[in-house]
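Take a look at the structure below.
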Number of protein chains: 2
Amino acid sequence: MTTPSRGSDRTEAIMRTTLELGQEIGYAKLSIEAIAARAGAGKHTIYRRWPSKGALLLDSLLSLHESSLDYPDTGDLVADLRTQIHAAVDLLGKPPFGPLYRALVGEAQSNPLVAAALNERFITPQAALTVARLTTARDQGQLSPAFDLTLAMAILSGPLYFQLLITQEPLTHDYVDRVLNALFSGMAKPS
Amino acid sequence: MTTPSRGSDRTEAIMRTTLELGQEIGYAKLSIEAIAARAGAGKHTIYRRWPSKGALLLDSLLSLHESSLDYPDTGDLVADLRTQIHAAVDLLGKPPFGPLYRALVGEAQSNPLVAAALNERFITPQAALTVARLTTARDQGQLSPAFDLTLAMAILSGPLYFQLLITQEPLTHDYVDRVLNALFSGMAKPS
């Protein structure tokens, strides 16, 4: 039997190894066997906790990301969105997070369990925080009362995913600022 | 030696087989060998034209999609965007295009040649047509003169890719209409 603390240390070592090895050899070549060998853990120990390498990668990435899910609230909606999304693209822009997150989304296209876990563990909580920040802003008169909050994540993060997954051009602070500017101004000619 | 017409028939048969077999067994299990066997073509014939199964799938999907790249121009920008994007989501919403296009984008996350081909053959031409339609509309006073046309594809298609690749919820005409409404209205409180 292991104590909770030793189990937690081992979990952290496995997740850290997943990110290190993933960064070195890429997600396609990553295997549970190789992670187990380098982390000094049994293969069955890993499979008991994670059903697939996609599930293990998701947890490993989330361990890096948790603190940056939060939105600041300085009272200025656009400034706070900029701060939060700049932090997100800083994470996405550098290894190991960026390339491995792209690989995870790739895996989610053929693996429904990974897709479900990605949404449940990452997208849904992030959407809830986004909607909460936008609701506060709407109550303070900083957001169009007509803006459909159920679209918040799609509208705000869609252009980032397009750049990350489709054009694969760098995600920069400047890009974020231009997108926010376009979304707040709107496409309609001012009347 | 084959005549151009026989070569073209064979090319079409290979692409049709790729879509049929891809729909039956999924992209992950699809192989050039299996496509060659069912299409009655030599494996080397396929490899001479397409360096990978991702490249072959891209061409096969484009053969379904080419006509729906065009935008109508009725003089009403929002109506024309709706018509074009409704047609795109009709294609994405049903097999074989939808699941195989998702698989192709997944493949593009680990295969730079597929990513480059996707952009060169599909995204860039589509962006050019989108910008052309928006430029006409701007000249006619139907688009905010401040709207950054270099962001057109990211802003208009980003929310669709988010739904297709991340939440994996159905892409409906209603969703398209709500996104267009939000993008044209903008997020800022009307002054």
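Chain lettering (A, B, ...) mirrors the order of the structure tokens, residue numbering begins at 1 for each chain separately, and ligand numbering begins at 1 in order of display.
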
Rotated and translated chain A onto chain B by C-alpha atoms, as an mmCIF file with C-alpha atoms, in the first residue's frame:
```
data_model
loop_
_atom_site.group_PDB
_atom_site.id
_atom_site.type_symbol
_atom_site.label_atom_id
_atom_site.label_comp_id
_atom_site.auth_asym_id
_atom_site.auth_seq_id
_atom_site.Cartn_x
_atom_site.Cartn_y
_atom_site.Cartn_z
ATOM 1 C CA MET A 1 0.368 4.343 -71.780
ATOM 2 C CA THR A 2 -3.057 5.569 -70.774
ATOM 3 C CA THR A 3 -4.958 8.357 -72.460
ATOM 4 C CA PRO A 4 -5.697 11.448 -70.343
ATOM 5 C CA SER A 5 -9.315 10.394 -70.145
ATOM 6 C CA ARG A 6 -8.540 6.927 -68.796
ATOM 7 C CA GLY A 7 -6.080 8.447 -66.290
ATOM 8 C CA SER A 8 -8.743 10.867 -65.139
ATOM 9 C CA ASP A 9 -11.330 8.083 -64.785
ATOM 10 C CA ARG A 10 -8.885 6.126 -62.672
ATOM 11 C CA THR A 11 -8.141 9.193 -60.521
ATOM 12 C CA GLU A 12 -11.851 9.681 -59.933
ATOM 13 C CA ALA A 13 -12.331 6.013 -59.065
ATOM 14 C CA ILE A 14 -9.499 6.174 -56.516
ATOM 15 C CA MET A 15 -10.904 9.327 -54.894
ATOM 16 C CA ARG A 16 -14.441 7.911 -54.814
ATOM 17 C CA THR A 17 -13.134 4.710 -53.240
ATOM 18 C CA THR A 18 -11.202 6.746 -50.647
ATOM 19 C CA LEU A 19 -14.415 8.468 -49.543
ATOM 20 C CA GLU A 20 -16.496 5.269 -49.569
ATOM 21 C CA LEU A 21 -13.968 3.202 -47.669
ATOM 22 C CA GLY A 22 -13.181 6.095 -45.319
ATOM 23 C CA GLN A 23 -16.862 6.392 -44.488
ATOM 24 C CA GLU A 24 -17.140 2.633 -43.891
ATOM 25 C CA ILE A 25 -14.102 2.007 -41.719
ATOM 26 C CA GLY A 26 -12.999 5.489 -40.562
ATOM 27 C CA TYR A 27 -9.850 7.411 -41.374
ATOM 28 C CA ALA A 28 -7.673 5.712 -38.752
ATOM 29 C CA LYS A 29 -8.112 2.276 -40.358
ATOM 30 C CA LEU A 30 -7.942 3.527 -43.932
ATOM 31 C CA SER A 31 -4.811 2.451 -45.861
ATOM 32 C CA ILE A 32 -3.470 3.102 -49.344
ATOM 33 C CA GLU A 33 -3.278 -0.686 -49.770
ATOM 34 C CA ALA A 34 -6.985 -1.171 -49.049
ATOM 35 C CA ILE A 35 -7.972 1.732 -51.331
ATOM 36 C CA ALA A 36 -5.797 0.330 -54.137
ATOM 37 C CA ALA A 37 -7.317 -3.137 -53.756
ATOM 38 C CA ARG A 38 -10.904 -1.927 -53.835
ATOM 39 C CA ALA A 39 -10.348 0.591 -56.649
ATOM 40 C CA GLY A 40 -8.525 -2.031 -58.726
ATOM 41 C CA ALA A 41 -5.485 0.234 -58.963
ATOM 42 C CA GLY A 42 -1.833 -0.390 -58.238
ATOM 43 C CA LYS A 43 -0.470 0.900 -54.938
ATOM 44 C CA HIS A 44 2.354 2.607 -56.829
ATOM 45 C CA THR A 45 -0.127 4.367 -59.103
ATOM 46 C CA ILE A 46 -1.616 5.970 -56.002
ATOM 47 C CA TYR A 47 1.732 6.838 -54.412
ATOM 48 C CA ARG A 48 2.922 8.436 -57.675
ATOM 49 C CA ARG A 49 0.134 10.989 -57.373
ATOM 50 C CA TRP A 50 -0.398 11.261 -53.614
ATOM 51 C CA PRO A 51 2.483 11.097 -51.115
ATOM 52 C CA SER A 52 0.268 10.056 -48.193
ATOM 53 C CA LYS A 53 -3.238 8.992 -47.320
ATOM 54 C CA GLY A 54 -3.821 12.502 -45.918
ATOM 55 C CA ALA A 55 -3.006 14.054 -49.307
ATOM 56 C CA LEU A 56 -5.316 11.576 -51.058
ATOM 57 C CA LEU A 57 -8.128 12.278 -48.605
ATOM 58 C CA LEU A 58 -7.736 16.037 -49.081
ATOM 59 C CA ASP A 59 -8.086 15.732 -52.873
ATOM 60 C CA SER A 60 -11.030 13.361 -52.476
ATOM 61 C CA LEU A 61 -12.835 15.780 -50.158
ATOM 62 C CA LEU A 62 -12.098 18.746 -52.419
ATOM 63 C CA SER A 63 -13.661 16.866 -55.336
ATOM 64 C CA LEU A 64 -16.950 16.977 -53.385
ATOM 65 C CA HIS A 65 -16.622 20.558 -52.258
ATOM 66 C CA GLU A 66 -15.374 22.637 -55.159
ATOM 67 C CA SER A 67 -18.678 24.081 -56.320
ATOM 68 C CA SER A 68 -19.740 25.155 -52.841
ATOM 69 C CA LEU A 69 -16.746 27.459 -52.348
ATOM 70 C CA ASP A 70 -18.449 30.224 -54.327
ATOM 71 C CA TYR A 71 -20.377 33.056 -52.711
ATOM 72 C CA PRO A 72 -23.604 34.300 -54.202
ATOM 73 C CA ASP A 73 -23.871 38.056 -54.707
ATOM 74 C CA THR A 74 -27.475 39.166 -54.414
ATOM 75 C CA GLY A 75 -26.423 42.570 -53.078
ATOM 76 C CA ASP A 76 -27.329 41.593 -49.491
ATOM 77 C CA LEU A 77 -24.149 40.655 -47.613
ATOM 78 C CA VAL A 78 -25.697 38.963 -44.594
ATOM 79 C CA ALA A 79 -28.114 36.948 -46.738
ATOM 80 C CA ASP A 80 -25.244 35.831 -48.993
ATOM 81 C CA LEU A 81 -23.030 34.832 -46.063
ATOM 82 C CA ARG A 82 -25.947 32.849 -44.651
ATOM 83 C CA THR A 83 -26.511 31.059 -47.958
ATOM 84 C CA GLN A 84 -22.851 30.178 -48.390
ATOM 85 C CA ILE A 85 -22.269 29.080 -44.783
ATOM 86 C CA HIS A 86 -25.517 27.085 -44.691
ATOM 87 C CA ALA A 87 -24.247 25.176 -47.745
ATOM 88 C CA ALA A 88 -20.908 24.586 -46.010
ATOM 89 C CA VAL A 89 -22.516 23.223 -42.837
ATOM 90 C CA ASP A 90 -24.864 21.038 -44.878
ATOM 91 C CA LEU A 91 -21.764 19.419 -46.341
ATOM 92 C CA LEU A 92 -20.001 19.214 -42.970
ATOM 93 C CA GLY A 93 -23.078 17.845 -41.258
ATOM 94 C CA LYS A 94 -23.329 14.643 -43.216
ATOM 95 C CA PRO A 95 -21.064 11.725 -44.148
ATOM 96 C CA PRO A 96 -18.717 11.284 -45.824
ATOM 97 C CA PHE A 97 -17.529 14.901 -45.747
ATOM 98 C CA GLY A 98 -17.988 15.821 -42.080
ATOM 99 C CA PRO A 99 -16.243 12.977 -40.235
ATOM 100 C CA LEU A 100 -13.496 12.709 -42.848
ATOM 101 C CA TYR A 101 -12.832 16.455 -42.844
ATOM 102 C CA ARG A 102 -12.503 16.305 -39.051
ATOM 103 C CA ALA A 103 -10.066 13.402 -39.455
ATOM 104 C CA LEU A 104 -8.079 15.422 -42.003
ATOM 105 C CA VAL A 105 -7.763 18.384 -39.635
ATOM 106 C CA GLY A 106 -6.728 15.901 -36.938
ATOM 107 C CA GLU A 107 -4.028 14.522 -39.252
ATOM 108 C CA ALA A 108 -2.865 18.087 -39.993
ATOM 109 C CA GLN A 109 -1.907 18.450 -36.317
ATOM 110 C CA SER A 110 0.921 15.925 -36.680
ATOM 111 C CA ASN A 111 1.587 16.015 -40.429
ATOM 112 C CA PRO A 112 2.967 19.355 -41.698
ATOM 113 C CA LEU A 113 2.556 18.319 -45.355
ATOM 114 C CA VAL A 114 -1.169 17.726 -44.843
ATOM 115 C CA ALA A 115 -1.461 21.014 -42.935
ATOM 116 C CA ALA A 116 0.280 22.900 -45.761
ATOM 117 C CA ALA A 117 -1.850 21.235 -48.447
ATOM 118 C CA LEU A 118 -5.066 21.941 -46.509
ATOM 119 C CA ASN A 119 -4.183 25.621 -46.355
ATOM 120 C CA GLU A 120 -2.907 25.937 -49.895
ATOM 121 C CA ARG A 121 -5.657 23.944 -51.591
ATOM 122 C CA PHE A 122 -8.680 24.784 -49.442
ATOM 123 C CA ILE A 123 -8.333 27.506 -46.804
ATOM 124 C CA THR A 124 -6.438 30.125 -48.833
ATOM 125 C CA PRO A 125 -8.758 29.992 -51.890
ATOM 126 C CA GLN A 126 -11.800 30.068 -49.592
ATOM 127 C CA ALA A 127 -10.349 33.081 -47.737
ATOM 128 C CA ALA A 128 -9.747 34.896 -51.037
ATOM 129 C CA LEU A 129 -13.387 34.413 -52.083
ATOM 130 C CA THR A 130 -14.598 35.524 -48.649
ATOM 131 C CA VAL A 131 -12.461 38.669 -48.710
ATOM 132 C CA ALA A 132 -13.624 39.454 -52.260
ATOM 133 C CA ARG A 133 -17.290 39.213 -51.250
ATOM 134 C CA LEU A 134 -16.678 41.336 -48.129
ATOM 135 C CA THR A 135 -14.752 43.940 -50.141
ATOM 136 C CA THR A 136 -17.680 44.354 -52.537
ATOM 137 C CA ALA A 137 -19.995 44.704 -49.542
ATOM 138 C CA ARG A 138 -17.744 47.285 -47.925
ATOM 139 C CA ASP A 139 -17.724 49.313 -51.138
ATOM 140 C CA GLN A 140 -21.539 49.194 -51.038
ATOM 141 C CA GLY A 141 -21.649 50.336 -47.416
ATOM 142 C CA GLN A 142 -22.791 46.980 -45.990
ATOM 143 C CA LEU A 143 -19.727 46.270 -43.838
ATOM 144 C CA SER A 144 -18.038 48.320 -41.147
ATOM 145 C CA PRO A 145 -15.208 50.226 -42.855
ATOM 146 C CA ALA A 146 -13.079 49.439 -39.772
ATOM 147 C CA PHE A 147 -13.497 45.663 -40.123
ATOM 148 C CA ASP A 148 -10.073 44.015 -40.552
ATOM 149 C CA LEU A 149 -10.424 41.873 -43.688
ATOM 150 C CA THR A 150 -7.307 39.869 -42.842
ATOM 151 C CA LEU A 151 -9.335 38.422 -39.940
ATOM 152 C CA ALA A 152 -12.366 37.560 -42.068
ATOM 153 C CA MET A 153 -11.841 33.795 -42.209
ATOM 154 C CA ALA A 154 -10.809 33.493 -38.550
ATOM 155 C CA ILE A 155 -13.797 35.500 -37.307
ATOM 156 C CA LEU A 156 -16.403 33.952 -39.625
ATOM 157 C CA SER A 157 -15.267 30.345 -39.643
ATOM 158 C CA GLY A 158 -13.564 30.139 -36.223
ATOM 159 C CA PRO A 159 -16.872 29.611 -34.371
ATOM 160 C CA LEU A 160 -17.784 26.842 -36.847
ATOM 161 C CA TYR A 161 -14.459 25.070 -36.355
ATOM 162 C CA PHE A 162 -14.888 25.395 -32.590
ATOM 163 C CA GLN A 163 -18.241 23.608 -32.813
ATOM 164 C CA LEU A 164 -16.953 21.017 -35.311
ATOM 165 C CA LEU A 165 -13.630 20.146 -33.661
ATOM 166 C CA ILE A 166 -13.951 21.032 -29.983
ATOM 167 C CA THR A 167 -17.504 20.738 -28.652
ATOM 168 C CA GLN A 168 -18.438 18.413 -31.546
ATOM 169 C CA GLU A 169 -22.061 19.488 -31.295
ATOM 170 C CA PRO A 170 -24.182 19.589 -34.473
ATOM 171 C CA LEU A 171 -23.584 22.446 -36.893
ATOM 172 C CA THR A 172 -27.052 23.748 -37.738
ATOM 173 C CA HIS A 173 -28.440 26.624 -39.798
ATOM 174 C CA ASP A 174 -29.715 28.115 -36.552
ATOM 175 C CA TYR A 175 -26.203 28.082 -35.083
ATOM 176 C CA VAL A 176 -24.843 29.832 -38.191
ATOM 177 C CA ASP A 177 -27.566 32.483 -38.008
ATOM 178 C CA ARG A 178 -26.920 33.177 -34.331
ATOM 179 C CA VAL A 179 -23.162 33.459 -34.938
ATOM 180 C CA LEU A 180 -23.645 35.868 -37.863
ATOM 181 C CA ASN A 181 -26.036 37.923 -35.789
ATOM 182 C CA ALA A 182 -23.521 38.163 -32.933
ATOM 183 C CA LEU A 183 -20.635 39.025 -35.287
ATOM 184 C CA PHE A 184 -22.544 41.764 -37.077
ATOM 185 C CA SER A 185 -23.999 43.269 -33.891
ATOM 186 C CA GLY A 186 -20.696 43.157 -32.039
ATOM 187 C CA MET A 187 -20.111 42.678 -28.325
ATOM 188 C CA ALA A 188 -19.852 46.351 -27.367
ATOM 189 C CA LYS A 189 -22.809 48.061 -25.748
ATOM 190 C CA PRO A 190 -24.435 50.296 -28.373
ATOM 191 C CA SER A 191 -23.426 53.873 -27.613
#
```

### Task
Write out as an MDAnalysis selection string all residues of chain A that DSSP puts in alpha helix (DSSP H) for this structure's backbone.
chainID A and resid 4:25 32:39 43:49 53:65 77:92 97:108 112:118 124:139 152:161 173:185
